[in-house]
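One file, target_29.cif, is given below (mmCIF, C-alpha atoms).
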```
data_target
loop_
_atom_site.label_atom_id
_atom_site.label_comp_id
_atom_site.auth_asym_id
_atom_site.auth_seq_id
_atom_site.Cartn_x
_atom_site.Cartn_y
_atom_site.Cartn_z
CA MET A 224 77.66 -43.33 89.73
CA ARG A 225 80.43 -43.71 92.29
CA LEU A 226 83.90 -45.18 91.84
CA ARG A 227 85.64 -46.30 94.99
CA ALA A 228 89.12 -47.67 95.69
CA THR A 229 88.76 -51.11 97.25
CA GLY A 230 89.30 -51.10 100.99
CA SER A 231 88.98 -47.33 101.33
CA THR A 232 86.09 -45.37 102.79
CA THR A 233 87.44 -41.98 101.74
CA GLU A 234 88.89 -42.46 98.24
CA PHE A 235 86.02 -42.18 95.80
CA ALA A 236 84.76 -40.15 92.87
CA SER A 237 81.14 -39.50 91.89
CA VAL A 238 79.43 -38.29 88.72
CA SER A 239 75.82 -37.69 87.81
CA LEU A 240 74.41 -39.86 85.03
CA TYR A 241 71.89 -37.11 84.17
CA THR A 242 68.91 -39.45 84.10
CA SER A 243 66.27 -40.81 86.44
CA ASN A 244 65.57 -43.74 84.12
CA ARG A 245 66.83 -46.94 85.72
CA ARG A 246 67.66 -48.74 82.49
CA ASP A 247 69.57 -45.76 81.11
CA ALA A 248 71.47 -45.42 84.38
CA LEU A 249 72.46 -49.09 84.40
CA ASP A 250 73.59 -48.96 80.76
CA ALA A 251 75.55 -45.79 81.41
CA SER A 252 77.30 -47.14 84.49
CA GLU A 253 78.17 -50.40 82.75
CA LEU A 254 79.70 -48.54 79.82
CA ILE A 255 81.73 -46.19 82.01
CA ALA A 256 82.93 -49.13 84.10
CA GLY A 257 84.15 -50.79 80.90
CA PHE A 258 86.18 -47.72 79.97
CA VAL A 259 87.77 -47.57 83.41
CA ARG A 260 88.59 -51.28 83.35
CA ALA A 261 90.18 -50.91 79.94
CA PHE A 262 92.29 -47.99 81.12
CA HIS A 263 93.46 -49.95 84.14
CA LEU A 264 94.29 -52.96 81.99
CA ASP A 265 96.49 -50.79 79.82
CA ASN A 266 97.95 -48.95 82.83
CA PRO A 267 98.19 -51.51 85.66
CA ASP A 268 100.52 -49.27 87.69
CA ALA A 269 98.30 -46.19 87.46
CA SER A 270 97.70 -44.46 90.79
CA TRP A 271 94.27 -43.92 92.27
CA SER A 272 94.38 -40.25 91.32
CA LYS A 273 95.08 -41.23 87.69
CA LEU A 274 92.18 -43.70 87.67
CA LYS A 275 89.90 -41.10 89.20
CA GLU A 276 90.91 -38.49 86.66
CA HIS A 277 90.31 -40.89 83.78
CA PHE A 278 86.91 -41.73 85.22
CA ARG A 279 85.94 -38.06 85.15
CA VAL A 280 87.41 -37.43 81.70
CA VAL A 281 85.48 -40.37 80.22
CA THR A 282 82.17 -39.26 81.66
CA GLY A 283 82.83 -35.68 80.60
CA GLU A 284 83.47 -36.71 77.00
CA LEU A 285 80.41 -38.94 76.92
CA PHE A 286 78.09 -36.24 78.16
CA GLU A 287 79.72 -33.66 75.91
CA ALA A 288 78.39 -35.80 73.06
CA GLY A 289 74.91 -35.67 74.59
CA ARG A 290 74.35 -31.95 74.97
CA ASP A 291 70.86 -32.41 73.55
CA ASP A 292 70.04 -34.10 76.88
CA ASN A 293 68.97 -37.30 75.12
CA VAL A 294 70.94 -39.76 77.21
CA THR A 295 69.63 -42.79 75.35
CA GLN A 296 71.18 -41.47 72.15
CA VAL A 297 74.56 -41.21 73.80
CA TRP A 298 74.41 -44.71 75.22
CA GLY A 299 72.75 -46.12 72.12
CA GLY A 300 75.61 -44.91 69.95
CA LEU A 301 78.37 -46.15 72.21
CA HIS A 302 76.90 -49.28 73.74
CA GLY A 303 76.63 -52.26 71.40
CA SER A 304 78.21 -52.05 67.92
CA HIS A 305 80.12 -48.88 68.87
CA SER A 306 79.97 -47.57 65.32
CA GLY A 307 78.16 -44.71 63.69
CA PRO A 308 76.08 -44.67 60.52
CA ALA A 309 79.19 -44.87 58.32
CA GLY A 310 80.81 -47.55 60.41
CA GLY A 311 83.21 -45.16 62.12
CA SER A 312 83.71 -45.02 65.84
CA THR A 313 81.43 -42.64 67.69
CA SER A 314 83.92 -42.19 70.53
CA PRO A 315 87.68 -41.57 70.74
CA LEU A 316 87.72 -44.21 73.49
CA LYS A 317 87.29 -47.86 72.70
CA PRO A 318 84.95 -49.54 75.19
CA VAL A 319 86.04 -52.94 76.46
CA LYS A 320 82.82 -54.42 77.80
CA ASN A 321 84.16 -57.76 79.04
CA ALA A 322 87.76 -56.85 79.83
CA PRO A 323 89.09 -58.91 82.76
CA VAL A 324 90.06 -57.00 85.88
CA SER A 325 91.11 -58.04 89.32
CA PRO A 326 88.35 -57.40 91.88
CA SER A 327 91.02 -56.17 94.26
CA VAL A 328 91.68 -53.14 92.07
CA ILE A 329 88.34 -51.36 91.51
CA THR A 330 84.92 -51.84 93.10
CA LEU A 331 81.83 -50.03 91.87
CA ALA A 332 79.69 -49.89 94.99
CA VAL A 333 75.95 -49.27 95.03
CA THR A 334 75.78 -47.24 98.22
CA PHE A 335 72.71 -46.26 100.20
CA ASP A 336 73.47 -42.66 99.28
CA ALA A 337 73.16 -43.54 95.59
CA LEU A 338 69.98 -45.55 96.14
CA ALA A 339 68.42 -42.74 98.19
CA ALA A 340 69.12 -40.27 95.39
CA LEU A 341 67.41 -42.54 92.84
CA TYR A 342 64.50 -43.12 95.23
CA LEU A 343 63.88 -39.40 95.71
CA ALA A 344 64.18 -38.76 91.98
CA ASP A 345 61.29 -41.20 91.53
CA ARG A 346 59.22 -40.61 94.67
CA GLY A 347 60.29 -37.22 95.99
CA GLN A 348 57.56 -35.33 94.16
CA ASP A 349 54.95 -37.25 96.15
CA GLN A 350 56.17 -35.78 99.45
CA LYS A 351 55.33 -32.42 100.96
CA VAL A 352 58.18 -29.92 101.15
CA SER A 353 58.48 -30.29 104.92
CA THR A 354 58.35 -34.09 104.71
CA LEU A 355 60.88 -34.14 101.88
CA LYS A 356 63.26 -32.03 103.93
CA GLU A 357 62.95 -34.45 106.86
CA THR A 358 63.43 -37.42 104.53
CA LYS A 359 66.64 -35.96 103.13
CA ILE A 360 67.99 -35.36 106.63
CA CYS A 361 67.19 -38.96 107.58
CA HIS A 362 68.79 -40.26 104.39
CA GLY A 363 71.91 -38.24 105.15
CA THR A 364 72.14 -39.71 108.64
CA ILE A 365 71.76 -43.26 107.32
CA SER A 366 74.24 -42.66 104.48
CA ALA A 367 76.86 -41.39 106.92
CA ALA A 368 76.38 -44.46 109.11
CA LEU A 369 76.55 -46.96 106.21
CA GLY A 370 79.39 -45.24 104.39
CA GLU A 371 80.55 -47.05 101.25
CA LEU A 372 78.80 -50.34 102.02
CA ASP A 373 77.68 -51.98 98.78
CA MET A 374 73.95 -52.52 99.28
CA ARG A 375 73.89 -55.20 96.58
CA THR A 376 75.82 -57.50 98.90
CA HIS A 377 74.73 -56.21 102.31
CA SER A 378 73.80 -58.67 105.03
CA ARG A 379 71.50 -58.81 108.01
CA ALA A 380 74.52 -58.23 110.22
CA ASP A 381 75.28 -54.99 108.36
CA LEU A 382 71.82 -53.62 109.09
CA VAL A 383 71.86 -54.76 112.72
CA ALA A 384 75.19 -52.98 113.09
CA LEU A 385 73.61 -49.91 111.48
CA ARG A 386 70.77 -49.99 113.99
CA ASP A 387 73.30 -50.19 116.84
CA ARG A 388 75.20 -47.18 115.50
CA LEU A 389 72.00 -45.19 115.06
CA SER A 390 70.96 -46.06 118.63
CA ASP A 391 73.99 -44.36 120.09
CA GLY A 392 72.65 -41.18 121.69
CA ARG A 393 69.20 -41.36 120.07
CA MET A 394 65.77 -42.20 121.45
CA PRO A 395 64.37 -45.57 120.29
CA SER A 396 61.47 -43.80 118.56
CA THR A 397 63.96 -41.68 116.58
CA VAL A 398 65.93 -44.77 115.59
CA ASN A 399 62.75 -46.45 114.39
CA LYS A 400 61.86 -43.41 112.31
CA LEU A 401 65.24 -43.65 110.61
CA LEU A 402 64.74 -47.38 110.03
CA VAL A 403 61.37 -46.70 108.40
CA LYS A 404 63.12 -44.37 105.95
CA LEU A 405 65.76 -47.03 105.34
CA SER A 406 63.15 -49.69 104.62
CA ALA A 407 61.30 -47.45 102.16
CA VAL A 408 64.46 -46.95 100.08
CA LEU A 409 65.49 -50.60 100.22
CA ALA A 410 62.03 -51.90 99.30
CA TRP A 411 61.91 -49.52 96.33
CA SER A 412 65.44 -50.56 95.32
CA VAL A 413 64.48 -54.25 95.32
CA GLU A 414 61.31 -53.56 93.32
CA ASN A 415 63.31 -51.62 90.73
CA GLY A 416 66.16 -54.11 90.42
CA HIS A 417 68.92 -52.02 92.00
CA ILE A 418 69.65 -54.59 94.71
CA PRO A 419 68.65 -58.28 94.83
CA LYS A 420 67.38 -58.39 98.41
CA SER A 421 66.91 -56.42 101.60
CA TYR A 422 67.42 -57.66 105.15
CA ASP A 423 65.52 -55.00 107.05
CA LYS A 424 62.55 -57.07 108.25
CA LYS A 425 61.77 -56.83 111.97
CA LEU A 426 64.70 -54.47 112.43
CA LYS A 427 62.87 -51.83 114.45
CA LEU A 428 63.38 -51.54 118.19
CA THR A 429 60.55 -52.81 120.37
CA LYS A 430 61.74 -51.71 123.80
CA GLY A 431 61.67 -48.17 125.08
CA ILE A 432 59.57 -46.84 122.21
CA GLU A 433 56.69 -45.67 124.35
CA SER A 434 55.90 -42.05 123.68
CA SER A 435 57.14 -39.67 126.35
CA ARG A 436 53.88 -37.78 125.85
CA LYS A 437 51.03 -39.40 127.73
CA ALA A 438 47.28 -39.08 127.40
CA PHE A 439 45.23 -37.04 129.87
CA THR A 440 42.50 -38.78 131.79
CA GLN A 441 39.00 -37.56 131.00
CA ASP A 442 38.91 -35.87 134.40
CA GLN A 443 42.11 -34.00 133.54
CA VAL A 444 40.73 -32.88 130.17
CA GLY A 445 37.68 -31.55 132.01
CA LYS A 446 39.93 -29.59 134.38
CA LEU A 447 41.83 -28.07 131.45
CA VAL A 448 38.68 -26.84 129.74
CA ALA A 449 37.28 -25.60 133.04
CA TYR A 450 40.51 -23.63 133.51
CA SER A 451 40.29 -22.24 129.98
CA ASN A 452 36.73 -21.06 130.69
CA THR A 453 38.09 -18.84 133.46
CA LEU A 454 40.12 -16.89 130.87
CA PRO A 455 38.60 -13.88 129.10
CA GLU A 456 36.38 -14.58 126.11
CA THR A 457 38.62 -12.24 124.13
CA SER A 458 41.76 -14.25 124.92
CA TRP A 459 43.12 -16.66 122.31
CA LYS A 460 44.63 -18.76 125.10
CA ARG A 461 41.12 -19.75 126.17
CA TRP A 462 40.26 -21.13 122.75
CA LEU A 463 43.67 -22.71 122.17
CA LEU A 464 43.12 -25.13 125.05
CA SER A 465 39.42 -25.70 124.38
CA LEU A 466 39.86 -26.45 120.68
CA GLY A 467 42.70 -28.83 121.43
CA ALA A 468 40.49 -30.73 123.85
CA ILE A 469 37.43 -31.14 121.62
CA THR A 470 39.12 -31.59 118.20
CA GLY A 471 42.41 -33.36 118.92
CA GLY A 472 44.07 -30.86 116.60
CA ARG A 473 47.83 -30.49 116.62
CA LEU A 474 49.22 -27.33 118.19
CA ASN A 475 50.41 -25.92 114.86
CA GLU A 476 47.09 -26.79 113.18
CA ILE A 477 45.10 -24.82 115.74
CA SER A 478 47.64 -22.00 115.95
CA GLN A 479 47.33 -21.25 112.23
CA LEU A 480 43.52 -21.12 112.07
CA THR A 481 41.99 -18.09 110.38
CA THR A 482 38.50 -16.64 110.47
CA ASN A 483 37.87 -18.27 107.09
CA ASP A 484 38.65 -21.66 108.62
CA ILE A 485 35.59 -21.49 110.88
CA GLN A 486 32.92 -22.89 108.60
CA THR A 487 29.34 -24.14 108.51
CA PRO A 488 29.55 -27.18 106.22
CA ALA A 489 25.97 -28.28 106.98
CA PRO A 490 22.95 -26.77 108.75
CA GLY A 491 23.52 -26.63 112.49
CA ILE A 492 27.17 -27.71 112.24
CA THR A 493 30.17 -25.46 112.90
CA ALA A 494 33.58 -26.90 112.12
CA ILE A 495 37.21 -25.92 111.91
CA SER A 496 38.85 -26.45 108.53
CA ILE A 497 42.42 -27.68 108.89
CA ASN A 498 44.24 -26.88 105.68
CA GLU A 499 47.28 -25.11 104.25
CA ALA A 500 45.45 -22.60 102.08
CA GLY A 501 47.12 -19.34 102.96
CA GLU A 502 50.53 -17.81 103.41
CA GLY A 503 52.72 -19.59 105.93
CA LYS A 504 50.21 -22.37 106.65
CA SER A 505 51.26 -25.99 106.55
CA ILE A 506 49.89 -29.38 107.55
CA LYS A 507 51.75 -32.57 108.34
CA ASN A 508 50.58 -34.62 105.35
CA LYS A 509 47.79 -34.92 102.81
CA ARG A 510 45.46 -36.72 105.21
CA SER A 511 45.82 -33.93 107.74
CA GLU A 512 43.47 -31.77 105.68
CA ARG A 513 40.02 -32.20 107.22
CA LEU A 514 36.89 -30.64 108.73
CA VAL A 515 36.40 -31.24 112.46
CA PRO A 516 32.98 -30.33 113.89
CA LEU A 517 32.89 -28.31 117.13
CA THR A 518 30.68 -29.86 119.79
CA ASP A 519 28.83 -27.33 121.91
CA GLY A 520 28.90 -28.35 125.57
CA ALA A 521 31.81 -30.79 125.22
CA TYR A 522 33.64 -30.47 128.54
CA GLU A 523 31.48 -27.29 128.91
CA PHE A 524 32.94 -25.72 125.77
CA GLU A 525 30.87 -22.64 124.83
CA LEU A 526 30.42 -22.51 121.06
CA ALA A 527 28.51 -19.23 121.08
CA ALA A 528 31.31 -17.51 122.99
CA PHE A 529 33.89 -18.87 120.57
CA LEU A 530 31.92 -17.60 117.57
CA ARG A 531 31.77 -14.16 119.17
CA TYR A 532 35.57 -14.25 119.40
CA VAL A 533 35.83 -15.24 115.72
CA GLU A 534 33.52 -12.40 114.71
CA ALA A 535 35.55 -9.92 116.76
CA CYS A 536 38.72 -11.04 114.96
CA ARG A 537 36.96 -10.66 111.62
CA LEU A 538 35.75 -7.13 112.43
CA SER A 539 39.22 -6.11 113.59
CA GLY A 540 40.57 -6.97 110.17
CA SER A 541 42.77 -9.73 111.51
CA GLY A 542 42.48 -12.93 109.50
CA SER A 543 44.32 -14.94 112.13
CA LEU A 544 42.61 -16.18 115.27
CA ALA A 545 45.86 -16.56 117.17
CA GLN A 546 47.13 -13.64 119.22
CA ILE A 547 50.45 -15.32 120.00
CA GLY A 548 52.83 -17.39 117.90
CA TYR A 549 53.02 -21.16 117.71
CA LYS A 550 56.17 -21.45 119.82
CA THR A 551 54.94 -19.01 122.45
CA ALA A 552 51.60 -20.81 122.59
CA GLY A 553 53.30 -24.14 123.21
CA GLU A 554 55.49 -22.75 125.96
CA TRP A 555 52.50 -21.15 127.67
CA ALA A 556 50.35 -24.29 127.46
CA ASN A 557 53.04 -26.78 128.46
CA GLN A 558 54.91 -24.80 131.09
CA GLN A 559 52.17 -22.69 132.65
CA ALA A 560 48.55 -23.50 131.82
CA ILE A 561 48.58 -27.29 132.02
CA PRO A 562 50.57 -27.55 135.29
CA LEU A 563 48.40 -24.82 136.86
CA ALA A 564 45.10 -26.34 135.71
CA LEU A 565 45.96 -29.87 136.83
CA GLY A 566 47.65 -29.05 140.11
CA GLU A 567 48.70 -32.21 141.96
CA SER A 568 47.51 -34.47 139.14
CA PHE A 569 50.07 -32.98 136.75
CA GLY A 570 52.96 -35.26 135.85
CA PRO A 571 55.79 -35.79 133.35
CA GLY A 572 54.82 -36.31 129.72
CA LEU A 573 51.62 -34.29 129.88
CA THR A 574 51.68 -31.63 127.16
CA PHE A 575 49.30 -29.97 124.73
CA HIS A 576 49.83 -32.92 122.37
CA SER A 577 48.47 -35.18 125.12
CA LEU A 578 45.02 -33.80 124.26
CA ARG A 579 45.37 -35.53 120.91
CA HIS A 580 46.28 -38.81 122.57
CA SER A 581 43.32 -38.42 124.92
CA LEU A 582 40.76 -38.01 122.15
CA ALA A 583 42.17 -40.95 120.18
CA SER A 584 42.08 -43.11 123.32
CA LEU A 585 38.51 -42.05 124.10
CA MET A 586 37.32 -42.93 120.60
CA GLN A 587 39.02 -46.28 120.73
CA ALA A 588 37.60 -47.07 124.17
CA LYS A 589 34.09 -46.20 122.99
CA GLY A 590 34.34 -48.34 119.88
CA VAL A 591 34.29 -45.48 117.36
CA PRO A 592 34.71 -46.88 113.83
CA THR A 593 38.22 -46.41 112.52
CA ALA A 594 37.07 -44.40 109.51
CA TYR A 595 35.40 -41.87 111.83
CA ALA A 596 38.51 -41.61 114.00
CA GLN A 597 40.61 -41.03 110.89
CA ALA A 598 38.28 -38.24 109.79
CA VAL A 599 38.78 -36.47 113.11
CA MET A 600 42.47 -37.10 113.73
CA GLY A 601 43.80 -36.79 110.17
CA HIS A 602 46.44 -39.44 110.66
CA ALA A 603 48.62 -40.41 107.71
CA SER A 604 48.42 -44.08 108.63
CA GLY A 605 45.54 -45.94 110.15
CA THR A 606 47.93 -47.95 112.31
CA ILE A 607 48.67 -44.71 114.15
CA THR A 608 44.98 -44.29 114.91
CA PHE A 609 44.23 -47.89 115.89
CA ASP A 610 43.50 -49.85 112.74
CA VAL A 611 43.38 -49.47 108.96
CA TYR A 612 41.86 -46.13 108.10
CA GLY A 613 38.95 -45.06 105.98
CA SER A 614 38.11 -41.72 104.42
CA GLY A 615 35.26 -39.72 102.98
CA VAL A 616 33.10 -39.81 106.11
CA PRO A 617 30.32 -37.16 105.86
CA VAL A 618 30.83 -34.26 108.25
CA GLU A 619 27.28 -34.77 109.54
CA THR A 620 28.22 -38.30 110.61
CA VAL A 621 31.38 -37.10 112.34
CA ALA A 622 29.42 -34.35 114.12
CA GLU A 623 26.85 -36.85 115.35
CA MET A 624 29.59 -39.19 116.54
CA LEU A 625 31.38 -36.44 118.48
CA THR A 626 28.16 -35.23 120.06
CA GLU A 627 27.45 -38.76 121.29
CA LEU A 628 31.04 -39.12 122.44
CA PHE A 629 31.22 -35.86 124.40
CA VAL A 630 27.66 -35.00 125.39
CA GLY A 631 25.83 -38.29 125.20
CA GLY A 632 27.69 -39.98 127.99
CA GLY A 633 31.04 -40.35 126.21
CA GLN A 634 32.96 -38.55 128.96
#
```
Whole structure given in structure tokens:
Amino acid sequence: MRLRATGSTTEFASVSLYTSNRRDALDASELIAGFVRAFHLDNPDASWSKLKEHFRVVTGELFEAGRDDNVTQVWGGLHGSHSGPAGGSTSPLKPVKNAPVSPSVITLAVTFDALAALYLADRGQDQKVSTLKETKICHGTISAALGELDMRTHSRADLVALRDRLSDGRMPSTVNKLLVKLSAVLAWSVENGHIPKSYDKKLKLTKGIESSRKAFTQDQVGKLVAYSNTLPETSWKRWLLSLGAITGGRLNEISQLTTNDIQTPAPGITAISINEAGEGKSIKNKRSERLVPLTDGAYEFELAAFLRYVEACRLSGSGSLAQIGYKTAGEWANQQAIPLALGESFGPGLTFHSLRHSLASLMQAKGVPTAYAQAVMGHASGTITFDVYGSGVPVETVAEMLTELFVGGGQ
């Protein structure tokens, strides 16, 4: 709960209500507000510092009575009849629930910062650690931009102004990511009764959001794999490029592959298992975990040679397939290998991640069912692939689809 001096963006005091239950939080805040109003009514000339100190004393005494952590008992005893079993007062302070007070004196604002905290208390456990960290950073950025704005009475103009502030010095795609986080909190807040309405619809930017990373043409993908085939069979760099081309895997997903991640899920099918089982491994989201079949002959990829490399890594006692780190691999691919392999056809926006765009574009162009594309790409949202997504596609079906795509005339 936050108490703010009207008209000020810096004078405020905050306390935790020690509960994630919405009803308990509302009851608690209403009760504390009544105490503060009563104090101000009795002490109309009290300074802000005195009001703030009383606010903290009141909450301290209330929670001192609830050391058993049962917040409902504290509020239940003080909110309502305000008397204990014997009819005596349960608090040294007399609550004045409906005491009149001038709105120019004290405003209890429901800020975005407060809403974001409640949202994460309810939904935070559903997010991966890395995603949760990013969400908190985004929430902090939005909170700083909105300040002490009371979200119960916010307007469309307030959110448009927020978007304009966020746009200062940021890429449109970054601004839209922040606005997505904003919308998630506001929608949850409306559903849970914290604010009456949200005005965030159609707030995202539509101009300049094109990704700076482009897709390779199929001819360019072929050149990249042809270049990788000139590298030694014992070099991880060869397989880094090849696997990116035929699986659409993210750079970090491929860089963290181990010998145990090269699997045979069905007769005649070899696949890479993208997962986070193992020390230091991580994936972007839950839908990123998947099996992607390796297609022998795709862009002249040599499966037998790759399996010899995997076996050599296994015999050496190294569980990791990568011989260089994720950052080093990205620098090599983006700054050296790709420009060298493409020559004059190389241009801005072409990076290792472009291989992912290329495979998604190829599947879309060839009419691959969305569920199959989702199974390969591991996108968190089907709209990122090219439609609503499906799941649970048998690996045999995905393998057959990729073989047709790459070897059966798909290139």
Specify as a short mmCIF file (atom, residue, chain, number, x, y, z; two decimals) with C-alpha atoms, keeping the file's coordinate frame each residue included when the PyMOL selection byres ((chain A and resi 617-634) around 12) is applied to this file.
```cif
data_model
loop_
_atom_site.label_atom_id
_atom_site.label_comp_id
_atom_site.auth_asym_id
_atom_site.auth_seq_id
_atom_site.Cartn_x
_atom_site.Cartn_y
_atom_site.Cartn_z
CA THR A 440 42.50 -38.78 131.79
CA GLN A 441 39.00 -37.56 131.00
CA ASP A 442 38.91 -35.87 134.40
CA GLN A 443 42.11 -34.00 133.54
CA VAL A 444 40.73 -32.88 130.17
CA GLY A 445 37.68 -31.55 132.01
CA ALA A 468 40.49 -30.73 123.85
CA ILE A 469 37.43 -31.14 121.62
CA THR A 470 39.12 -31.59 118.20
CA GLY A 471 42.41 -33.36 118.92
CA GLN A 486 32.92 -22.89 108.60
CA THR A 487 29.34 -24.14 108.51
CA PRO A 488 29.55 -27.18 106.22
CA ALA A 489 25.97 -28.28 106.98
CA PRO A 490 22.95 -26.77 108.75
CA GLY A 491 23.52 -26.63 112.49
CA ILE A 492 27.17 -27.71 112.24
CA THR A 493 30.17 -25.46 112.90
CA ALA A 494 33.58 -26.90 112.12
CA ILE A 495 37.21 -25.92 111.91
CA SER A 496 38.85 -26.45 108.53
CA ARG A 513 40.02 -32.20 107.22
CA LEU A 514 36.89 -30.64 108.73
CA VAL A 515 36.40 -31.24 112.46
CA PRO A 516 32.98 -30.33 113.89
CA LEU A 517 32.89 -28.31 117.13
CA THR A 518 30.68 -29.86 119.79
CA ASP A 519 28.83 -27.33 121.91
CA GLY A 520 28.90 -28.35 125.57
CA ALA A 521 31.81 -30.79 125.22
CA TYR A 522 33.64 -30.47 128.54
CA GLU A 523 31.48 -27.29 128.91
CA PHE A 524 32.94 -25.72 125.77
CA SER A 581 43.32 -38.42 124.92
CA LEU A 582 40.76 -38.01 122.15
CA ALA A 583 42.17 -40.95 120.18
CA SER A 584 42.08 -43.11 123.32
CA LEU A 585 38.51 -42.05 124.10
CA MET A 586 37.32 -42.93 120.60
CA GLN A 587 39.02 -46.28 120.73
CA ALA A 588 37.60 -47.07 124.17
CA LYS A 589 34.09 -46.20 122.99
CA GLY A 590 34.34 -48.34 119.88
CA VAL A 591 34.29 -45.48 117.36
CA PRO A 592 34.71 -46.88 113.83
CA THR A 593 38.22 -46.41 112.52
CA ALA A 594 37.07 -44.40 109.51
CA TYR A 595 35.40 -41.87 111.83
CA ALA A 596 38.51 -41.61 114.00
CA GLN A 597 40.61 -41.03 110.89
CA ALA A 598 38.28 -38.24 109.79
CA VAL A 599 38.78 -36.47 113.11
CA MET A 600 42.47 -37.10 113.73
CA GLY A 613 38.95 -45.06 105.98
CA SER A 614 38.11 -41.72 104.42
CA GLY A 615 35.26 -39.72 102.98
CA VAL A 616 33.10 -39.81 106.11
#
```
Fewer than 6 positions away in the same chain doesn't count, so skip those; otherwise give me all residues within 9 Å of range 555-559 of chain A, counting all atoms listed in the file, as a PyMOL selection string.
chain A and resi 460+463-464+573-575
Please expand the PyMOL selection byres ((chain A and resi 366-381) around 7) into the concrete residues it hits in this file, giving the result as a list in words.
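Selected by the PyMOL selection byres ((chain A and resi 366-381) around 7) in this file: Thr232, Ala332, Val333, Thr334, Phe335, Asp336, His362, Gly363, Thr364, Ile365, Leu382, Val383, Ala384, Leu385, Ile418, Pro419 and Tyr422 of chain A.
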Do you have the CA of Met394 in chain A-CA of Ser406 in chain A distance handy?
18.6 Å
Hits of the PyMOL selection byres ((chain A and resi 542-547) around 7) in this structure, as a list in words:
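The output of the PyMOL selection byres ((chain A and resi 542-547) around 7) on this file is Trp459, Ser478, Gln479, Leu480, Thr481, Thr482, Val533, Cys536, Arg537, Gly540, Ser541, Gly548, Tyr549, Thr551 and Ala552 of chain A.
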A:Ser465, A:Asn475, A:Ser421, A:Ser577 ranked by distance to Ala438 in chain A, top pick (using only C-alpha atoms):
A:Ser577
Provide an axis-aligned box for all listed atoms of range 348-367 of chain A, padding each side by 8 Å; report its centre and its edge lengths in Å to one decimal, as lines of an AutoDock Vina configuration file.
```
center_x = 65.9
center_y = -36.6
center_z = 101.4
size_x = 37.9
size_y = 29.3
size_z = 30.5
```
How far is it from CA of Asn483 in chain A to CA of Ser539 in chain A, in Å with one decimal?
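Atom-to-atom, CA of Asn483 in chain A and CA of Ser539 in chain A are spaced 13.9 Å apart.
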Residues within 9 Å of Ser412 in chain A, please, as a count of residues only. Count all atoms listed in the file; anything in the same chain fewer than 3 positions from it doesn't count.
14
Go through A:Lys351, A:Arg245, A:Lys359, A:His263 one by one, measure the shortest atom-to-atom distance of each to Glu499 in chain A using only C-alpha atoms, and give the residue with the smallest value.
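Checking each of A:Lys351, A:Arg245, A:Lys359, A:His263 against Glu499 in chain A, counting only C-alpha atoms, the winner is A:Lys351.
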Please measure the separation of CA of Asp484 in chain A and CA of Asn452 in chain A, giving the value in Å to one decimal.
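Interatomic distance, CA of Asp484 in chain A to CA of Asn452 in chain A: 22.2 Å.
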Test item: residues at most 12 Å from Arg531 in chain A, all atoms listed in the file, excluding those fewer than 4 positions along its chain, as a list of chain:residue names:
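That gives A:Glu456, A:Thr457, A:Ser458, A:Trp462, A:Thr482, A:Ile485, A:Glu525, A:Leu526, A:Ala527, A:Ala535, A:Cys536, A:Arg537, A:Leu538, A:Leu544.
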Repaired coordinates for range 552-561 of chain A (N, CA and C atoms) as a PDB file, keeping the file's coordinate frame:
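Result file is result.pdb:
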```pdb
ATOM      1  N   ALA A 552      52.803 -20.110 122.146  1.00  0.00           N
ATOM      2  CA  ALA A 552      51.600 -20.810 122.590  1.00  0.00           C
ATOM      3  C   ALA A 552      51.959 -22.132 123.254  1.00  0.00           C
ATOM      4  N   GLY A 553      52.897 -22.859 122.648  1.00  0.00           N
ATOM      5  CA  GLY A 553      53.300 -24.140 123.210  1.00  0.00           C
ATOM      6  C   GLY A 553      53.969 -23.990 124.563  1.00  0.00           C
ATOM      7  N   GLU A 554      54.820 -22.980 124.683  1.00  0.00           N
ATOM      8  CA  GLU A 554      55.490 -22.750 125.960  1.00  0.00           C
ATOM      9  C   GLU A 554      54.489 -22.387 127.049  1.00  0.00           C
ATOM     10  N   TRP A 555      53.509 -21.538 126.687  1.00  0.00           N
ATOM     11  CA  TRP A 555      52.500 -21.150 127.670  1.00  0.00           C
ATOM     12  C   TRP A 555      51.667 -22.357 128.108  1.00  0.00           C
ATOM     13  N   ALA A 556      51.204 -23.138 127.139  1.00  0.00           N
ATOM     14  CA  ALA A 556      50.350 -24.290 127.460  1.00  0.00           C
ATOM     15  C   ALA A 556      51.103 -25.337 128.273  1.00  0.00           C
ATOM     16  N   ASN A 557      52.311 -25.678 127.837  1.00  0.00           N
ATOM     17  CA  ASN A 557      53.040 -26.780 128.460  1.00  0.00           C
ATOM     18  C   ASN A 557      53.710 -26.421 129.775  1.00  0.00           C
ATOM     19  N   GLN A 558      54.157 -25.176 129.892  1.00  0.00           N
ATOM     20  CA  GLN A 558      54.910 -24.800 131.090  1.00  0.00           C
ATOM     21  C   GLN A 558      54.090 -24.058 132.125  1.00  0.00           C
ATOM     22  N   GLN A 559      52.967 -23.459 131.693  1.00  0.00           N
ATOM     23  CA  GLN A 559      52.170 -22.690 132.650  1.00  0.00           C
ATOM     24  C   GLN A 559      50.746 -23.221 132.801  1.00  0.00           C
ATOM     25  N   ALA A 560      49.980 -23.201 131.723  1.00  0.00           N
ATOM     26  CA  ALA A 560      48.550 -23.500 131.820  1.00  0.00           C
ATOM     27  C   ALA A 560      48.270 -24.921 132.306  1.00  0.00           C
ATOM     28  N   ILE A 561      48.891 -25.892 131.667  1.00  0.00           N
ATOM     29  CA  ILE A 561      48.580 -27.290 132.020  1.00  0.00           C
ATOM     30  C   ILE A 561      49.002 -27.613 133.455  1.00  0.00           C
TER      31      ILE A 561
END
```
